[in-house]
$ cat structure24.pdb   # PDB, C-alpha atoms
ATOM      1  CA  MET A  20      17.419  17.935  -7.660
ATOM      2  CA  GLY A  21      16.593  18.367 -11.288
ATOM      3  CA  SER A  22      13.754  17.671 -13.612
ATOM      4  CA  TYR A  23      13.264  14.079 -14.676
ATOM      5  CA  TYR A  24      11.526  14.700 -17.963
ATOM      6  CA  TYR A  25      13.235  11.824 -19.782
ATOM      7  CA  LEU A  26      12.501   9.269 -17.064
ATOM      8  CA  ALA A  27       8.930  10.397 -16.372
ATOM      9  CA  SER A  28       7.949  10.620 -20.036
ATOM     10  CA  GLN A  29       8.836   7.001 -20.768
ATOM     11  CA  LEU A  30       6.902   5.493 -17.849
ATOM     12  CA  PRO A  31       3.621   3.711 -18.608
ATOM     13  CA  TYR A  32       0.558   5.182 -16.898
ATOM     14  CA  LEU A  33      -0.460   3.355 -13.713
ATOM     15  CA  ILE A  34      -4.074   2.501 -12.959
ATOM     16  CA  ARG A  35      -5.026   1.391  -9.461
ATOM     17  CA  GLY A  36      -6.125  -2.228  -9.329
ATOM     18  CA  THR A  37      -4.433  -3.305 -12.570
ATOM     19  CA  LYS A  38      -1.400  -5.456 -13.230
ATOM     20  CA  PRO A  39       1.849  -3.486 -12.868
ATOM     21  CA  PRO A  40       3.575  -2.821 -16.211
ATOM     22  CA  MET A  41       6.942  -3.624 -14.612
ATOM     23  CA  SER A  42       8.205  -4.774 -11.258
ATOM     24  CA  SER A  43       9.258  -2.289  -8.619
ATOM     25  CA  ALA A  44      12.756  -3.789  -8.799
ATOM     26  CA  GLU A  45      12.942  -3.147 -12.565
ATOM     27  CA  PHE A  46      11.716   0.394 -12.072
ATOM     28  CA  LYS A  47      14.222   1.020  -9.320
ATOM     29  CA  LEU A  48      17.095  -0.104 -11.550
ATOM     30  CA  LEU A  49      15.884   2.178 -14.340
ATOM     31  CA  ALA A  50      15.375   5.133 -11.999
ATOM     32  CA  GLU A  51      18.788   4.715 -10.405
ATOM     33  CA  THR A  52      20.472   5.002 -13.806
ATOM     34  CA  LEU A  53      18.572   8.169 -14.780
ATOM     35  CA  MET A  54      18.386  10.066 -11.477
ATOM     36  CA  ASP A  55      20.916  12.125  -9.593
ATOM     37  CA  ALA A  56      22.724   9.855  -7.141
ATOM     38  CA  ASP A  57      21.346  11.650  -4.067
ATOM     39  CA  ASP A  58      17.754  11.492  -5.366
ATOM     40  CA  ALA A  59      18.151   7.831  -6.357
ATOM     41  CA  ASP A  60      19.515   6.968  -2.907
ATOM     42  CA  LEU A  61      16.268   8.221  -1.383
ATOM     43  CA  LEU A  62      14.360   5.380  -3.072
ATOM     44  CA  GLU A  63      15.749   3.212  -0.269
ATOM     45  CA  HIS A  64      13.489   5.097   2.181
ATOM     46  CA  LEU A  65      10.228   4.202   0.429
ATOM     47  CA  PHE A  66       8.148   1.354   1.849
ATOM     48  CA  LEU A  67       4.505   0.419   2.128
ATOM     49  CA  ASP A  68       5.227  -1.097   5.486
ATOM     50  CA  PRO A  69       6.778   1.292   7.944
ATOM     51  CA  ASP A  70      10.517   1.635   7.805
ATOM     52  CA  PRO A  71      11.694  -0.226  10.920
ATOM     53  CA  THR A  72      14.217   2.533  11.629
ATOM     54  CA  TYR A  73      11.558   5.263  11.495
ATOM     55  CA  THR A  74      10.025   6.296  14.791
ATOM     56  CA  GLU A  75       8.033   9.269  15.961
ATOM     57  CA  HIS A  76      11.240  11.273  16.020
ATOM     58  CA  GLY A  77      12.651   9.719  12.871
ATOM     59  CA  HIS A  78      15.266  11.600  10.969
ATOM     60  CA  SER A  79      14.381  13.644   7.937
ATOM     61  CA  THR A  80      15.391  12.210   4.594
ATOM     62  CA  GLY A  81      15.664  15.638   3.012
ATOM     63  CA  SER A  82      12.606  14.922   0.869
ATOM     64  CA  ARG A  83       9.321  16.474   1.945
ATOM     65  CA  PHE A  84       7.513  13.835  -0.116
ATOM     66  CA  ILE A  85       9.220  10.874   1.572
ATOM     67  CA  ASP A  86       8.995  12.371   5.054
ATOM     68  CA  GLY A  87       5.314  13.162   4.436
ATOM     69  CA  TRP A  88       4.689   9.638   3.158
ATOM     70  CA  ARG A  89       6.366   8.028   6.157
ATOM     71  CA  GLU A  90       4.346  10.195   8.535
ATOM     72  CA  TRP A  91       1.112   9.436   6.653
ATOM     73  CA  GLU A  92       1.750   5.691   6.760
ATOM     74  CA  ARG A  93       2.724   5.845  10.438
ATOM     75  CA  THR A  94      -0.467   7.772  11.251
ATOM     76  CA  LEU A  95      -2.571   5.298   9.303
ATOM     77  CA  ARG A  96      -1.063   2.340  11.133
ATOM     78  CA  LEU A  97      -1.401   3.908  14.577
ATOM     79  CA  ASN A  98      -5.052   4.668  13.866
ATOM     80  CA  MET A  99      -5.638   1.156  12.554
ATOM     81  CA  ALA A 100      -4.113  -0.338  15.706
ATOM     82  CA  ARG A 101      -6.221   1.920  17.932
ATOM     83  CA  HIS A 102      -9.477   1.154  16.097
ATOM     84  CA  ARG A 103      -8.826  -2.580  15.989
ATOM     85  CA  SER A 104      -8.029  -2.573  19.690
ATOM     86  CA  LEU A 105     -11.318  -0.784  20.396
ATOM     87  CA  LYS A 106     -13.224  -3.175  18.125
ATOM     88  CA  LEU A 107     -11.732  -6.178  19.937
ATOM     89  CA  LYS A 108     -12.420  -4.479  23.292
ATOM     90  CA  ARG A 109      -8.840  -4.783  24.437
ATOM     91  CA  GLU A 110      -8.299  -2.775  27.565
ATOM     92  CA  ASN A 111      -5.109  -1.663  29.256
ATOM     93  CA  VAL A 112      -3.152  -1.946  26.035
ATOM     94  CA  ALA A 113      -0.316   0.563  25.983
ATOM     95  CA  MET A 114      -0.501   2.291  22.618
ATOM     96  CA  GLU A 115       1.072   5.311  21.108
ATOM     97  CA  GLU A 116      -1.542   7.938  20.392
ATOM     98  CA  PRO A 117      -1.763   8.701  16.665
ATOM     99  CA  PRO A 118      -1.113  12.297  15.686
ATOM    100  CA  ALA A 119      -4.000  14.452  14.535
ATOM    101  CA  PHE A 120      -2.209  15.113  11.242
ATOM    102  CA  PRO A 121      -2.499  13.872   8.533
ATOM    103  CA  VAL A 122      -6.239  13.939   9.050
ATOM    104  CA  ASP A 123      -7.204  11.829   6.017
ATOM    105  CA  ALA A 124      -5.239   8.864   7.358
ATOM    106  CA  ALA A 125      -6.958   9.190  10.718
ATOM    107  CA  ALA A 126     -10.500   9.681   9.505
ATOM    108  CA  ALA A 127     -12.306   8.187   6.519
ATOM    109  CA  ALA A 128      -9.756   5.558   5.495
ATOM    110  CA  VAL A 129      -9.484   3.922   8.902
ATOM    111  CA  LYS A 130     -13.202   4.063   9.665
ATOM    112  CA  ALA A 131     -14.069   2.479   6.327
ATOM    113  CA  VAL A 132     -11.517  -0.288   6.780
ATOM    114  CA  VAL A 133     -12.598  -1.127  10.321
ATOM    115  CA  ALA A 134     -16.267  -1.178   9.267
ATOM    116  CA  THR A 135     -15.757  -3.701   6.473
ATOM    117  CA  GLU A 136     -16.318  -7.386   7.131
ATOM    118  CA  SER A 137     -13.994  -8.636   4.419
ATOM    119  CA  PRO A 138     -10.242  -8.532   5.138
ATOM    120  CA  LEU A 139      -9.584  -8.364   1.393
ATOM    121  CA  GLU A 140     -11.940  -5.399   0.978
ATOM    122  CA  GLY A 141     -10.244  -3.731   3.949
ATOM    123  CA  GLU A 142      -6.838  -4.102   2.303
ATOM    124  CA  ILE A 143      -8.197  -2.708  -0.953
ATOM    125  CA  LEU A 144      -9.570   0.308   0.928
ATOM    126  CA  ILE A 145      -6.192   0.856   2.584
ATOM    127  CA  ASP A 146      -4.459   0.779  -0.791
ATOM    128  CA  ARG A 147      -7.017   3.193  -2.252
ATOM    129  CA  ALA A 148      -6.321   5.619   0.623
ATOM    130  CA  ARG A 149      -2.584   5.194   0.091
ATOM    131  CA  TRP A 150      -2.944   5.950  -3.631
ATOM    132  CA  ARG A 151      -4.822   9.183  -2.856
ATOM    133  CA  ALA A 152      -2.251  10.212  -0.248
ATOM    134  CA  ILE A 153       0.584   9.580  -2.713
ATOM    135  CA  ASP A 154      -1.129  11.754  -5.329
ATOM    136  CA  ILE A 155      -1.606  14.574  -2.825
ATOM    137  CA  LEU A 156       1.968  14.372  -1.535
ATOM    138  CA  ALA A 157       3.493  14.207  -5.031
ATOM    139  CA  GLY A 158       1.970  17.454  -6.218
ATOM    140  CA  ARG A 159       1.368  18.432  -9.825
ATOM    141  CA  ASP A 160       4.876  18.557 -11.303
ATOM    142  CA  ILE A 161       5.042  15.234 -13.134
ATOM    143  CA  PHE A 162       8.739  15.668 -13.906
ATOM    144  CA  HIS A 163       9.849  16.346 -10.320
ATOM    145  CA  ARG A 164      11.590  13.702  -8.221
ATOM    146  CA  ASN A 165       8.412  13.417  -6.139
ATOM    147  CA  ALA A 166       6.586  12.059  -9.186
ATOM    148  CA  ILE A 167       9.285   9.401  -9.515
ATOM    149  CA  TYR A 168       8.968   8.482  -5.826
ATOM    150  CA  ALA A 169       5.180   8.392  -6.182
ATOM    151  CA  TYR A 170       5.451   6.084  -9.192
ATOM    152  CA  TYR A 171       7.638   3.680  -7.221
ATOM    153  CA  LEU A 172       5.185   3.578  -4.303
ATOM    154  CA  LYS A 173       2.281   2.996  -6.681
ATOM    155  CA  LEU A 174       4.152   0.075  -8.247
ATOM    156  CA  LEU A 175       4.547  -1.379  -4.755
ATOM    157  CA  ILE A 176       0.791  -1.034  -4.237
ATOM    158  CA  LEU A 177       0.047  -2.755  -7.563
ATOM    159  CA  GLU A 178       2.433  -5.601  -6.713
ATOM    160  CA  ARG A 179       0.791  -5.962  -3.324
ATOM    161  CA  ARG A 180      -2.620  -6.118  -4.972
ATOM    162  CA  GLN A 181      -1.398  -8.827  -7.371
ATOM    163  CA  SER A 182      -0.515 -10.986  -4.358
ATOM    164  CA  PHE A 183      -4.087 -10.537  -3.084
ATOM    165  CA  ASN A 184      -5.428 -11.695  -6.429
ATOM    166  CA  ALA A 185      -3.283 -14.832  -6.243
ATOM    167  CA  GLU A 186      -4.457 -15.492  -2.682
ATOM    168  CA  LEU A 187      -8.060 -14.853  -3.657
ATOM    169  CA  GLY A 188      -7.773 -17.202  -6.626
ATOM    170  CA  PHE A 189      -6.302 -19.940  -4.453
ATOM    171  CA  ALA A 190      -9.032 -19.456  -1.829
ATOM    172  CA  GLU A 191     -11.724 -19.697  -4.521
ATOM    173  CA  TYR A 192     -10.063 -22.836  -5.889
ATOM    174  CA  LYS A 193     -10.060 -24.441  -2.425
ATOM    175  CA  SER A 194     -13.708 -23.490  -1.903
ATOM    176  CA  LEU A 195     -14.727 -24.896  -5.281
ATOM    177  CA  TYR A 196     -12.733 -28.076  -4.681
ATOM    178  CA  ALA A 197     -14.326 -28.564  -1.233
ATOM    179  CA  SER A 198     -17.765 -28.047  -2.775
ATOM    180  CA  ILE A 199     -17.101 -30.698  -5.441
ATOM    181  CA  ILE A 200     -15.847 -33.190  -2.844
ATOM    182  CA  GLU A 201     -18.875 -32.540  -0.632
ATOM    183  CA  ARG A 202     -21.295 -33.081  -3.522
ATOM    184  CA  ALA A 203     -19.466 -36.239  -4.521
ATOM    185  CA  GLN A 204     -19.699 -37.606  -0.976
ATOM    186  CA  HIS A 205     -23.421 -36.859  -0.758
ATOM    187  CA  SER A 206     -24.171 -38.439  -4.117
ATOM    188  CA  VAL A 207     -22.466 -41.753  -3.283
ATOM    189  CA  GLY A 208     -25.141 -44.408  -2.901
ATOM    190  CA  GLU A 209     -27.982 -42.185  -4.090
ATOM    191  CA  PRO A 210     -30.158 -43.568  -6.895
ATOM    192  CA  LYS A 211     -29.455 -42.154 -10.305
TER     193      LYS A 211
END
$ encode --input "structure24.pdb" --output "structure tokens"
Amino acid sequence: MGSYYYLASQLPYLIRGTKPPMSSAEFKLLAETLMDADDADLLEHLFLDPDPTYTEHGHSTGSRFIDGWREWERTLRLNMARHRSLKLKRENVAMEEPPAFPVDAAAAAVKAVVATESPLEGEILIDRARWRAIDILAGRDIFHRNAIYAYYLKLLILERRQSFNAELGFAEYKSLYASIIERAQHSVGEPK
């Protein structure tokens, strides 16, 4: 587990909500060529969606960053499920109780998401909370392997956000098109 000065120093700065400077797949290929094999193998354990093989008693990856990330994401999702169930007034639903730690996943992020009316805004709030959690978990050493793992996760978030922008654009197009058709139907037969 060495320092990744060369890799980290050539990476473009990431800004939340912007277009990713490269794909996560391109980054992964680059990182795998410049990282120790064991550190590079751990990239396979990084997901935005929970790793299907990870459970409450999931095995440790050997990386405090990755294990912390997986636990944070799991806690976020358990809290989201609990709050959505309460909001929909579903009773007698067997649910796993979310852990009290990490607190930030259980508190402000989930409450803000559940309170929003817009699904898109809710997803943006989730990604903002994820970004903060990644920064906290990565620490301050920008040349450590954790910084590389954090960069990869942030690229995944930016790619995810790009898909929202495409969906939003298509939804706006459909709305505009429907509006034009409606106006055209109402103007048929009207005096000019």
$ resolve_selection --input "structure24.pdb" --expression "the PyMOL selection byres ((chain A and resi 163) around 9)" --output "PyMOL selection string"
chain A and resi 20-24+27+157-162+164-167
$ write_last_selection --input "structure24.pdb" --atoms "C-alpha atoms" --output "PDB file, in the coordinates of the input"
ATOM      1  CA  MET A  20      17.419  17.935  -7.660  1.00  0.00           C
ATOM      2  CA  GLY A  21      16.593  18.367 -11.288  1.00  0.00           C
ATOM      3  CA  SER A  22      13.754  17.671 -13.612  1.00  0.00           C
ATOM      4  CA  TYR A  23      13.264  14.079 -14.676  1.00  0.00           C
ATOM      5  CA  TYR A  24      11.526  14.700 -17.963  1.00  0.00           C
ATOM      6  CA  ALA A  27       8.930  10.397 -16.372  1.00  0.00           C
ATOM      7  CA  ALA A 157       3.493  14.207  -5.031  1.00  0.00           C
ATOM      8  CA  GLY A 158       1.970  17.454  -6.218  1.00  0.00           C
ATOM      9  CA  ARG A 159       1.368  18.432  -9.825  1.00  0.00           C
ATOM     10  CA  ASP A 160       4.876  18.557 -11.303  1.00  0.00           C
ATOM     11  CA  ILE A 161       5.042  15.234 -13.134  1.00  0.00           C
ATOM     12  CA  PHE A 162       8.739  15.668 -13.906  1.00  0.00           C
ATOM     13  CA  ARG A 164      11.590  13.702  -8.221  1.00  0.00           C
ATOM     14  CA  ASN A 165       8.412  13.417  -6.139  1.00  0.00           C
ATOM     15  CA  ALA A 166       6.586  12.059  -9.186  1.00  0.00           C
ATOM     16  CA  ILE A 167       9.285   9.401  -9.515  1.00  0.00           C
TER      17      ILE A 167
END
$ resolve_selection --input "structure24.pdb" --expression "the PyMOL selection byres ((chain A and resi 140-154) around 8)" --output "MDAnalysis selection string"
chainID A and resid 35 88 91:92 124 128:129 131:133 135:139 155:158 169 172:173 176 180
$ resolve_selection --input "structure24.pdb" --expression "the PyMOL selection byres ((chain A and resi 46) around 12)" --output "number ranges by chain"
A: 26-27, 29-31, 39-45, 47-54, 59, 62, 167-175
$ closest_residue --input "structure24.pdb" --among "A:Arg179, A:Arg202, A:Lys193, A:Lys130" --to "A:Ala100" --atoms "all atoms listed in the file"
A:Lys130
$ closest_residue --input "structure24.pdb" --among "A:Arg101, A:Lys108, A:His64, A:Lys38" --to "A:Asp86" --atoms "only C-alpha atoms"
A:His64
